[in-house]
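Listing of coords-v8.cif, mmCIF, C-alpha atoms and all ligand atoms
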data_work
loop_
_atom_site.label_atom_id
_atom_site.label_comp_id
_atom_site.auth_asym_id
_atom_site.auth_seq_id
_atom_site.Cartn_x
_atom_site.Cartn_y
_atom_site.Cartn_z
CA MET B 14 19.69 -10.10 22.07
CA PRO B 15 19.73 -13.61 23.57
CA ASN B 16 22.60 -14.02 26.04
CA ASP B 17 24.11 -16.93 24.17
CA PHE B 18 24.22 -15.06 20.81
CA ASP B 19 27.64 -15.33 19.18
CA PRO B 20 28.17 -12.55 16.61
CA GLN B 21 31.14 -14.42 15.14
CA ALA B 22 29.31 -17.69 14.44
CA PRO B 23 27.98 -18.36 10.92
CA ALA B 24 24.29 -17.51 10.49
CA ALA B 25 21.75 -20.34 10.34
CA PRO B 26 20.15 -20.51 6.86
CA ASP B 27 16.70 -19.66 8.25
CA ALA B 28 17.96 -16.84 10.49
CA GLY B 29 16.56 -13.33 10.25
CA ILE B 30 18.26 -10.29 8.78
CA PHE B 31 22.03 -10.17 9.53
CA GLY B 32 21.73 -13.65 11.02
CA LEU B 33 19.83 -12.31 14.02
CA ASP B 34 16.73 -13.84 15.50
CA VAL B 35 14.86 -11.05 17.17
CA ALA B 36 11.10 -10.63 17.37
CA PRO B 37 9.98 -7.16 16.26
CA GLU B 38 8.60 -6.45 19.75
CA ASP B 39 12.09 -7.00 21.18
CA ALA B 40 14.01 -5.20 18.41
CA GLY B 41 15.20 -1.61 18.49
CA VAL B 42 15.09 -1.52 14.70
CA VAL B 43 12.16 -2.74 12.61
CA LEU B 44 12.55 -3.03 8.84
CA ILE B 45 9.47 -3.16 6.63
CA PRO B 46 10.13 -5.06 3.40
CA VAL B 47 8.14 -3.71 0.45
CA PRO B 48 8.63 -6.09 -2.47
CA PHE B 49 6.90 -3.88 -5.02
CA ASP B 50 8.28 -2.57 -8.33
CA ALA B 51 5.29 -2.10 -10.62
CA THR B 52 6.29 1.43 -11.60
CA ALA B 53 9.90 0.48 -12.49
CA SER B 54 10.05 1.89 -15.98
CA PHE B 55 13.24 0.24 -17.25
CA GLY B 56 14.84 -2.72 -15.47
CA GLU B 57 12.77 -4.79 -13.08
CA GLY B 58 13.76 -6.92 -10.12
CA ALA B 59 13.63 -4.47 -7.22
CA ASN B 60 10.71 -6.47 -5.82
CA GLU B 61 13.31 -9.19 -5.18
CA GLY B 62 15.41 -6.68 -3.22
CA PRO B 63 14.22 -7.43 0.32
CA SER B 64 14.57 -11.22 0.04
CA ALA B 65 17.95 -10.94 -1.69
CA ILE B 66 19.21 -8.51 0.96
CA LEU B 67 17.98 -10.86 3.68
CA GLU B 68 19.84 -13.79 2.15
CA ALA B 69 23.04 -11.83 1.51
CA SER B 70 22.96 -10.28 4.99
CA HIS B 71 23.93 -13.60 6.57
CA GLN B 72 27.48 -13.02 5.30
CA LEU B 73 27.98 -9.80 7.25
CA ASP B 74 30.50 -9.58 10.04
CA LEU B 75 28.42 -7.80 12.63
CA PHE B 76 31.21 -5.85 14.24
CA ASP B 77 31.69 -2.52 12.48
CA PRO B 78 35.06 -0.84 13.02
CA ILE B 79 33.47 2.63 13.19
CA LEU B 80 30.03 1.94 14.60
CA GLY B 81 30.84 -0.92 16.93
CA ARG B 82 27.93 -3.26 17.54
CA PRO B 83 24.75 -1.92 15.91
CA TYR B 84 23.25 -5.43 16.08
CA GLU B 85 23.03 -5.21 19.85
CA ALA B 86 20.03 -2.90 19.49
CA GLY B 87 18.18 -5.87 17.94
CA ILE B 88 17.32 -5.68 14.24
CA CYS B 89 14.29 -7.39 12.74
CA MET B 90 13.01 -7.40 9.18
CA LEU B 91 9.32 -8.24 9.17
CA ASP B 92 8.06 -11.06 6.95
CA GLU B 93 6.92 -9.95 3.52
CA ASP B 94 3.23 -9.09 3.69
CA PRO B 95 1.26 -11.30 1.24
CA GLU B 96 -1.10 -8.39 0.61
CA ILE B 97 1.82 -6.27 -0.66
CA VAL B 98 3.01 -9.16 -2.83
CA GLY B 99 -0.54 -9.31 -4.25
CA LEU B 100 -0.66 -5.56 -4.88
CA ASP B 101 2.65 -5.80 -6.75
CA ALA B 102 1.37 -8.65 -8.94
CA GLN B 103 -1.86 -6.81 -9.77
CA ALA B 104 -0.20 -3.47 -10.40
CA SER B 105 2.63 -5.02 -12.45
CA ALA B 106 0.15 -6.79 -14.74
CA LEU B 107 -1.62 -3.48 -15.40
CA ALA B 108 1.58 -1.47 -15.72
CA GLY B 109 3.45 -3.82 -18.10
CA PRO B 110 1.69 -2.71 -21.30
CA ILE B 111 2.03 0.92 -20.20
CA HIS B 112 5.82 0.56 -19.84
CA ASP B 113 5.93 -1.19 -23.23
CA ALA B 114 4.02 1.69 -24.83
CA GLY B 115 6.32 4.24 -23.19
CA GLY B 116 3.51 5.70 -21.08
CA VAL B 117 -0.17 6.52 -21.48
CA GLU B 118 0.42 9.50 -23.78
CA THR B 119 0.68 7.33 -26.89
CA GLU B 120 -2.30 5.10 -26.11
CA PRO B 121 -5.01 6.94 -24.22
CA GLU B 122 -6.97 3.74 -23.51
CA LEU B 123 -4.15 2.81 -21.14
CA ALA B 124 -5.00 5.80 -18.94
CA GLU B 125 -7.69 3.80 -17.14
CA ASP B 126 -5.14 1.09 -16.33
CA ALA B 127 -2.74 3.71 -14.98
CA ARG B 128 -5.53 5.08 -12.81
CA GLN B 129 -6.06 1.59 -11.39
CA VAL B 130 -2.34 1.23 -10.68
CA ASP B 131 -2.51 4.51 -8.76
CA GLU B 132 -5.44 3.18 -6.74
CA LEU B 133 -3.50 0.05 -5.83
CA MET B 134 -0.58 2.23 -4.81
CA VAL B 135 -2.72 4.33 -2.51
CA ARG B 136 -3.56 1.04 -0.78
CA LEU B 137 0.16 0.20 -0.65
CA HIS B 138 0.99 3.57 0.94
CA ASP B 139 -1.81 3.17 3.53
CA LYS B 140 -0.50 -0.27 4.38
CA VAL B 141 3.11 0.89 4.83
CA TYR B 142 1.88 3.95 6.76
CA SER B 143 -0.06 1.93 9.31
CA GLU B 144 2.70 -0.66 9.69
CA ALA B 145 5.22 2.16 10.23
CA CYS B 146 2.97 3.88 12.79
CA ARG B 147 2.56 0.65 14.70
CA TRP B 148 6.31 0.36 15.32
CA LEU B 149 7.05 4.09 15.62
CA ASP B 150 4.47 4.25 18.40
CA LEU B 151 6.56 1.63 20.22
CA ASP B 152 9.60 3.88 19.80
CA LYS B 153 11.39 1.67 17.27
CA LEU B 154 13.69 2.95 14.56
CA VAL B 155 11.80 2.08 11.36
CA GLY B 156 13.20 1.63 7.86
CA VAL B 157 11.66 0.56 4.56
CA VAL B 158 13.48 -1.89 2.30
CA GLY B 159 12.17 -1.60 -1.28
CA GLY B 160 11.12 -2.21 -3.83
CA ASP B 161 11.28 0.58 -6.38
CA HIS B 162 11.57 4.15 -5.14
CA SER B 163 7.82 4.68 -5.06
CA VAL B 164 7.38 2.51 -1.95
CA PRO B 165 8.60 4.53 1.07
CA PHE B 166 5.90 7.22 0.90
CA GLY B 167 3.90 5.68 3.80
CA LEU B 168 6.94 5.80 6.09
CA MET B 169 7.78 9.36 5.03
CA ARG B 170 4.21 10.38 5.84
CA ALA B 171 4.30 8.69 9.25
CA LEU B 172 7.60 10.38 10.16
CA ALA B 173 6.70 13.81 8.76
CA LYS B 174 3.66 13.78 11.04
CA ARG B 175 5.83 13.07 14.07
CA HIS B 176 8.65 15.47 13.12
CA PRO B 177 7.04 18.62 11.72
CA ASP B 178 10.30 20.24 10.60
CA MET B 179 11.88 17.12 9.11
CA GLY B 180 14.37 17.36 6.26
CA VAL B 181 15.06 14.67 3.69
CA LEU B 182 18.52 13.68 2.51
CA GLN B 183 18.09 11.91 -0.83
CA ILE B 184 20.96 10.02 -2.39
CA ASP B 185 19.96 9.22 -5.94
CA ALA B 186 21.04 9.47 -9.57
CA HIS B 187 17.60 10.96 -10.31
CA CYS B 188 15.67 13.87 -8.85
CA ASP B 189 12.34 11.97 -8.77
CA LEU B 190 10.56 15.32 -9.08
CA ARG B 191 8.33 14.47 -12.03
CA VAL B 192 4.68 15.37 -11.76
CA ALA B 193 3.56 11.82 -12.61
CA TYR B 194 5.56 9.66 -15.00
CA GLU B 195 4.23 7.43 -17.79
CA GLY B 196 0.79 8.36 -16.42
CA PHE B 197 1.40 7.09 -12.88
CA THR B 198 0.85 9.65 -10.14
CA TRP B 199 2.80 7.42 -7.76
CA SER B 200 5.71 6.59 -10.06
CA HIS B 201 9.17 5.98 -8.60
CA ALA B 202 10.16 9.03 -10.65
CA SER B 203 7.66 11.18 -8.71
CA ILE B 204 8.37 10.21 -5.10
CA MET B 205 10.03 13.50 -4.18
CA HIS B 206 7.42 15.56 -6.00
CA ASN B 207 4.75 13.78 -3.95
CA LEU B 208 6.76 14.24 -0.77
CA LEU B 209 7.08 18.02 -1.25
CA ASP B 210 3.56 18.43 -2.54
CA ARG B 211 1.69 16.33 0.00
CA LEU B 212 3.82 16.68 3.12
CA PRO B 213 4.12 20.46 3.53
CA GLY B 214 5.92 20.06 6.87
CA VAL B 215 9.00 18.69 5.12
CA SER B 216 11.19 21.76 5.34
CA ARG B 217 13.95 20.84 2.97
CA LEU B 218 15.02 18.25 0.45
CA VAL B 219 18.77 17.83 -0.07
CA GLN B 220 19.59 15.80 -3.17
CA VAL B 221 23.06 14.31 -3.58
CA GLY B 222 24.52 12.59 -6.63
CA ILE B 223 21.76 13.63 -9.05
CA ARG B 224 22.88 13.29 -12.64
CA ASP B 225 19.97 12.21 -14.85
CA PHE B 226 17.04 14.61 -14.86
CA SER B 227 14.75 16.62 -17.09
CA GLU B 228 15.03 20.33 -17.74
CA GLU B 229 11.75 20.77 -15.90
CA GLU B 230 13.09 19.02 -12.81
CA HIS B 231 16.21 21.17 -12.96
CA LYS B 232 14.05 24.30 -13.10
CA ARG B 233 11.98 23.03 -10.21
CA ILE B 234 15.10 22.79 -8.04
CA GLU B 235 16.43 26.18 -9.07
CA GLN B 236 13.05 27.85 -8.52
CA SER B 237 12.27 26.17 -5.21
CA ALA B 238 13.47 29.14 -3.13
CA GLY B 239 15.82 26.86 -1.26
CA ARG B 240 13.33 24.15 -0.30
CA ILE B 241 15.20 21.81 -2.65
CA LEU B 242 18.98 21.86 -2.74
CA GLY B 243 20.62 19.91 -5.54
CA PHE B 244 24.19 18.70 -5.17
CA TYR B 245 24.72 17.71 -8.77
CA ASP B 246 27.02 14.84 -9.52
CA HIS B 247 28.71 16.63 -12.44
CA VAL B 248 29.73 19.44 -10.10
CA LEU B 249 30.90 17.09 -7.36
CA GLN B 250 32.88 14.99 -9.85
CA SER B 251 34.61 17.90 -11.54
CA GLU B 252 35.54 19.47 -8.19
CA ARG B 253 36.92 16.10 -7.16
CA LEU B 254 39.03 15.93 -10.30
CA GLU B 255 40.45 19.30 -9.30
CA GLY B 256 41.39 17.86 -5.92
CA ARG B 257 38.66 19.19 -3.65
CA PRO B 258 38.25 16.74 -0.77
CA TRP B 259 34.94 15.02 -0.04
CA SER B 260 34.95 16.31 3.52
CA GLU B 261 34.74 19.85 2.10
CA GLN B 262 32.11 18.91 -0.44
CA ILE B 263 29.76 17.41 2.12
CA ALA B 264 29.93 20.27 4.61
CA PRO B 265 27.23 22.36 2.83
CA MET B 266 25.04 19.27 2.42
CA VAL B 267 25.07 18.73 6.17
CA GLU B 268 24.61 22.43 6.92
CA ALA B 269 21.54 22.56 4.71
CA LEU B 270 19.71 19.92 6.72
CA PRO B 271 17.47 20.69 9.70
CA ASP B 272 17.98 18.91 13.04
CA THR B 273 15.77 15.98 12.14
CA VAL B 274 16.62 14.04 9.00
CA TYR B 275 15.10 11.22 7.01
CA VAL B 276 17.44 9.46 4.57
CA SER B 277 16.01 8.23 1.28
CA LEU B 278 18.63 6.10 -0.37
CA ASP B 279 18.12 5.01 -3.94
CA ILE B 280 20.98 2.59 -4.56
CA ASP B 281 21.49 4.09 -8.03
CA GLY B 282 22.85 7.19 -6.29
CA LEU B 283 25.99 5.14 -5.83
CA ASP B 284 28.43 4.21 -8.60
CA PRO B 285 26.63 1.63 -10.80
CA ALA B 286 29.66 -0.66 -10.38
CA LEU B 287 28.15 -1.16 -6.91
CA CYS B 288 24.62 -1.88 -8.16
CA PRO B 289 24.88 -3.23 -11.73
CA HIS B 290 21.35 -4.72 -11.81
CA THR B 291 19.46 -1.70 -10.51
CA GLY B 292 16.62 -0.54 -12.76
CA THR B 293 18.01 2.75 -14.04
CA PRO B 294 21.82 2.84 -13.60
CA VAL B 295 23.73 6.00 -14.54
CA PRO B 296 27.53 6.48 -14.64
CA GLY B 297 29.02 8.55 -11.82
CA GLY B 298 27.76 8.58 -8.26
CA LEU B 299 29.09 8.02 -4.77
CA SER B 300 31.46 5.34 -3.54
CA PHE B 301 30.59 3.29 -0.47
CA ALA B 302 33.18 5.18 1.57
CA GLU B 303 31.77 8.54 0.47
CA LEU B 304 28.29 7.47 1.51
CA ASP B 305 29.58 6.31 4.89
CA ALA B 306 31.42 9.60 5.38
CA LEU B 307 28.34 11.64 4.44
CA LEU B 308 26.08 9.78 6.88
CA GLY B 309 28.78 10.06 9.52
CA ALA B 310 29.14 13.81 9.00
CA VAL B 311 25.38 14.32 9.37
CA VAL B 312 25.37 12.38 12.63
CA ARG B 313 28.53 13.95 14.02
CA SER B 314 26.97 17.37 13.45
CA GLY B 315 24.38 16.44 16.07
CA ARG B 316 21.51 15.90 13.66
CA LYS B 317 19.15 13.00 14.28
CA LEU B 318 18.39 10.36 11.66
CA VAL B 319 14.77 9.44 12.40
CA GLY B 320 14.16 6.93 9.64
CA PHE B 321 15.28 5.78 6.22
CA ASP B 322 14.55 3.77 3.14
CA LEU B 323 16.79 1.74 0.88
CA CYS B 324 15.30 1.25 -2.58
CA GLU B 325 16.03 -0.08 -6.06
CA VAL B 326 18.41 -2.85 -5.02
CA ALA B 327 17.81 -5.53 -7.67
CA PRO B 328 19.74 -8.79 -7.46
CA ASP B 329 21.42 -10.55 -10.35
CA PRO B 330 18.61 -12.86 -11.56
CA ASP B 331 21.14 -15.70 -11.92
CA ASP B 332 22.72 -15.22 -8.51
CA VAL B 333 20.32 -13.86 -5.93
CA ALA B 334 22.85 -13.37 -3.12
CA SER B 335 24.87 -11.40 -5.64
CA TRP B 336 27.06 -8.33 -5.50
CA ASP B 337 24.04 -6.03 -5.67
CA ALA B 338 22.48 -7.72 -2.64
CA ASN B 339 25.80 -7.89 -0.81
CA LEU B 340 26.36 -4.17 -1.30
CA GLY B 341 22.72 -3.43 -0.46
CA MET B 342 22.85 -5.19 2.89
CA ARG B 343 26.09 -3.40 3.78
CA VAL B 344 24.49 -0.05 2.97
CA LEU B 345 21.49 -1.08 5.07
CA TYR B 346 23.71 -1.89 8.06
CA LYS B 347 25.38 1.53 7.76
CA LEU B 348 22.00 3.28 7.62
CA ILE B 349 20.94 1.41 10.74
CA GLY B 350 24.24 1.98 12.53
CA TRP B 351 24.41 5.72 11.88
CA SER B 352 20.74 6.17 12.77
CA LEU B 353 21.26 4.39 16.09
CA ARG B 354 24.39 6.42 16.73
CA SER B 355 22.45 9.63 16.12
CA LYS B 356 19.99 8.58 18.82
CA SER B 357 23.02 7.74 21.02
CA THR B 358 21.74 4.19 21.24
CA ILE B 359 25.16 2.81 20.28
MN MN L 1 15.02 7.36 -7.09
#

When written as structure tokens, how does the structure in this file appear?
Ligand SMILES: [Mn+2]
Amino acid sequence: MPNDFDPQAPAAPDAGIFGLDVAPEDAGVVLIPVPFDATASFGEGANEGPSAILEASHQLDLFDPILGRPYEAGICMLDEDPEIVGLDAQASALAGPIHDAGGVETEPELAEDARQVDELMVRLHDKVYSEACRWLDLDKLVGVVGGDHSVPFGLMRALAKRHPDMGVLQIDAHCDLRVAYEGFTWSHASIMHNLLDRLPGVSRLVQVGIRDFSEEEHKRIEQSAGRILGFYDHVLQSERLEGRPWSEQIAPMVEALPDTVYVSLDIDGLDPALCPHTGTPVPGGLSFAELDALLGAVVRSGRKLVGFDLCEVAPDPDDVASWDANLGMRVLYKLIGWSLRSKSTI
């Protein structure tokens, strides 16, 4: 950080994320924005997530009462890559009619378009993978800011290669275990299927807050021989109504994780009151304080958070620096802060 930086001063309108002005080479934390939401099957707008989070982040008071001064590590969100913006435009144009038709099943001629969307997404994943590798090789903490939940695969791949026994903590209303959705191999609804299928080193997937899933996905969890652990929202909520404290509920989630953890945070895992414009909101979910406590418990157990994504934040179209973006940037700062704490950097 520059010596004359004042964390209490208002951010300049053209400042970087959280009002900081740090070049990625000098930052401890590099965020890759992925403004892509072509596979969003219901509400759109997650491709506006990174820019809305950037704008809203200027309101944050950088001092965190629990985490102290995460900003001192230097946090930089890279500029949006025009090639990714182009891939989103191309893929969205092809995917639109497929969403309208409810998938390729009803209109087989759309299957070719879905195949092309998948091809564009392979290019997206390669792009995110190489960008992630570039900064991981310089020992930065790297996070992806989506975009819909299909976008972090490149980062997951880069980290799984470096941490062979990595576990994934997924906070989400959905399991995302579908074997393709609407005809898209790389759908947001398939990200965890692709993770488990294509990254065999990932030892365990711990899903928290899941509450909207198919019978097939449910079976997949129950028949996974422990590779997938589902902490269902209906169970968590009913235990809570009976008075079981959150600290007790999260203990087995933490225990289930290996030493090295990647956090995949779909904002719809939280209460939809906190993310009203997200693409596929579902009642229930975690509060902000519960999320903070869960991340804190993982870190206090000695486990390392080696990377993360934050996806599906979609701003209010009439008010870009809206509640959704405000909440999103606060979640992002917590992800960064707890990850740095786990590396004992702060
Ligand atoms: Mn998801």

Open item on the list: Residues near Val42 in chain B, anyone? I mean within 6 Å using all atoms listed in the file, not counting same-chain ones fewer than 5 positions away, as a ChimeraX atom specification.
Closed with: /B:88,153-155

TODO: Would you mind telling me which residue in B:Pro328, B:Gly282, B:Pro289, B:Pro63 lies nearest to ligand MN 1 (chain L) when using all atoms listed in the file?
DONE: B:Gly282

Please write out the residues within 6 Å of ligand MN 1 (chain L) as an mmCIF file with C-alpha atoms, keeping the file's coordinate frame, counting all atoms listed in the file.
data_model
loop_
_atom_site.group_PDB
_atom_site.id
_atom_site.type_symbol
_atom_site.label_atom_id
_atom_site.label_comp_id
_atom_site.auth_asym_id
_atom_site.auth_seq_id
_atom_site.Cartn_x
_atom_site.Cartn_y
_atom_site.Cartn_z
ATOM 1 C CA HIS B 162 11.570 4.150 -5.140
ATOM 2 C CA ASP B 185 19.960 9.220 -5.940
ATOM 3 C CA HIS B 187 17.600 10.960 -10.310
ATOM 4 C CA ASP B 189 12.340 11.970 -8.770
ATOM 5 C CA ASP B 279 18.120 5.010 -3.940
#

What are the nearest atom pairs, with distances in Å to one decimal, for all residues of range 126-149 of chain B that come at most 8 Å from range 193-214 of chain B, using only C-alpha atoms, set out by chain and rising residue number as JSON lines?
{"residue": "B:Ala127", "atom": "CA", "partner": "B:Phe197", "partner_atom": "CA", "distance": 5.7}
{"residue": "B:Arg128", "atom": "CA", "partner": "B:Phe197", "partner_atom": "CA", "distance": 7.2}
{"residue": "B:Val130", "atom": "CA", "partner": "B:Phe197", "partner_atom": "CA", "distance": 7.3}
{"residue": "B:Asp131", "atom": "CA", "partner": "B:Trp199", "partner_atom": "CA", "distance": 6.1}
{"residue": "B:Met134", "atom": "CA", "partner": "B:Trp199", "partner_atom": "CA", "distance": 6.9}

Open item on the list: Just to confirm, what's the straight-line distance from CA of Ser143 in chain B to CA of Gln129 in chain B in Å (one decimal)?
Closed with: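 Between CA of Ser143 in chain B and CA of Gln129 in chain B the gap is 21.6 Å.
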
Task: Contacts of Val35 in chain B within 7 Å, all atoms listed in the file, excl. fewer than 2 positions in-chain, as a ChimeraX atom specification - done: /B:14,33,37,39-40,87-89

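Closest approach to Asp281 in chain B from the set B:Ile184, B:Val164, B:Ala238, B:Asn60 is made by B:Ile184, with distances taken over all atoms listed in the file.
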
Open item on the list: Counting only C-alpha atoms, which residue out of B:Asp34, B:Pro78, B:Glu325, B:Asp272 sits closest to Ala51 in chain B?
Closed with: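 Closest to Ala51 in chain B of all the choices is B:Glu325.
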
- [ ] Find the residues near Gly99 in chain B: any atom within 12 Å, counting all atoms listed in the file, skip ones fewer than 3 places away on the same chain, and give them as a list in words.
- [x]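 Here the answer would be Val47, Pro48, Phe49, Asp50, Ala51, Asn60, Glu93, Asp94, Pro95, Glu96, Ala102, Gln103, Ala104, Ser105, Ala106, Leu133, Met134, Arg136 and Leu137 of chain B.
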
Give me the residues near Val43 in chain B as a PDB file with C-alpha atoms, in the coordinates of the input, where near means some atom within 12 Å (using only C-alpha atoms) and where sequence neighbours in that chain fewer than 5 positions away do not count.
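Below you can see around_22.pdb, which holds the result:
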ATOM      1  CA  GLY B  29      16.560 -13.330  10.250  1.00  0.00           C
ATOM      2  CA  ILE B  30      18.260 -10.290   8.780  1.00  0.00           C
ATOM      3  CA  VAL B  35      14.860 -11.050  17.170  1.00  0.00           C
ATOM      4  CA  ALA B  36      11.100 -10.630  17.370  1.00  0.00           C
ATOM      5  CA  PRO B  37       9.980  -7.160  16.260  1.00  0.00           C
ATOM      6  CA  GLU B  38       8.600  -6.450  19.750  1.00  0.00           C
ATOM      7  CA  TYR B  84      23.250  -5.430  16.080  1.00  0.00           C
ATOM      8  CA  ALA B  86      20.030  -2.900  19.490  1.00  0.00           C
ATOM      9  CA  GLY B  87      18.180  -5.870  17.940  1.00  0.00           C
ATOM     10  CA  ILE B  88      17.320  -5.680  14.240  1.00  0.00           C
ATOM     11  CA  CYS B  89      14.290  -7.390  12.740  1.00  0.00           C
ATOM     12  CA  MET B  90      13.010  -7.400   9.180  1.00  0.00           C
ATOM     13  CA  LEU B  91       9.320  -8.240   9.170  1.00  0.00           C
ATOM     14  CA  ASP B  92       8.060 -11.060   6.950  1.00  0.00           C
ATOM     15  CA  GLU B 144       2.700  -0.660   9.690  1.00  0.00           C
ATOM     16  CA  ALA B 145       5.220   2.160  10.230  1.00  0.00           C
ATOM     17  CA  CYS B 146       2.970   3.880  12.790  1.00  0.00           C
ATOM     18  CA  ARG B 147       2.560   0.650  14.700  1.00  0.00           C
ATOM     19  CA  TRP B 148       6.310   0.360  15.320  1.00  0.00           C
ATOM     20  CA  LEU B 149       7.050   4.090  15.620  1.00  0.00           C
ATOM     21  CA  ASP B 150       4.470   4.250  18.400  1.00  0.00           C
ATOM     22  CA  LEU B 151       6.560   1.630  20.220  1.00  0.00           C
ATOM     23  CA  ASP B 152       9.600   3.880  19.800  1.00  0.00           C
ATOM     24  CA  LYS B 153      11.390   1.670  17.270  1.00  0.00           C
ATOM     25  CA  LEU B 154      13.690   2.950  14.560  1.00  0.00           C
ATOM     26  CA  VAL B 155      11.800   2.080  11.360  1.00  0.00           C
ATOM     27  CA  GLY B 156      13.200   1.630   7.860  1.00  0.00           C
ATOM     28  CA  VAL B 157      11.660   0.560   4.560  1.00  0.00           C
ATOM     29  CA  VAL B 158      13.480  -1.890   2.300  1.00  0.00           C
ATOM     30  CA  LEU B 168       6.940   5.800   6.090  1.00  0.00           C
ATOM     31  CA  GLY B 320      14.160   6.930   9.640  1.00  0.00           C
ATOM     32  CA  PHE B 321      15.280   5.780   6.220  1.00  0.00           C
ATOM     33  CA  ASP B 322      14.550   3.770   3.140  1.00  0.00           C
ATOM     34  CA  ILE B 349      20.940   1.410  10.740  1.00  0.00           C
TER      35      ILE B 349
END

- [ ] Select, from B:Pro110, B:Glu118, B:Pro46, B:Gly309, the residue with the minimum atom-to-atom distance to Arg354 in chain B, counting only C-alpha atoms.
- [x]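 Smallest distance to Arg354 in chain B is found for B:Gly309.
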
Open item on the list: Rounded to one decimal, what separation in Å do you get between CA of Glu229 in chain B and CA of Leu242 in chain B?
Closed with: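 Separating CA of Glu229 in chain B from CA of Leu242 in chain B is a distance of 15.1 Å.
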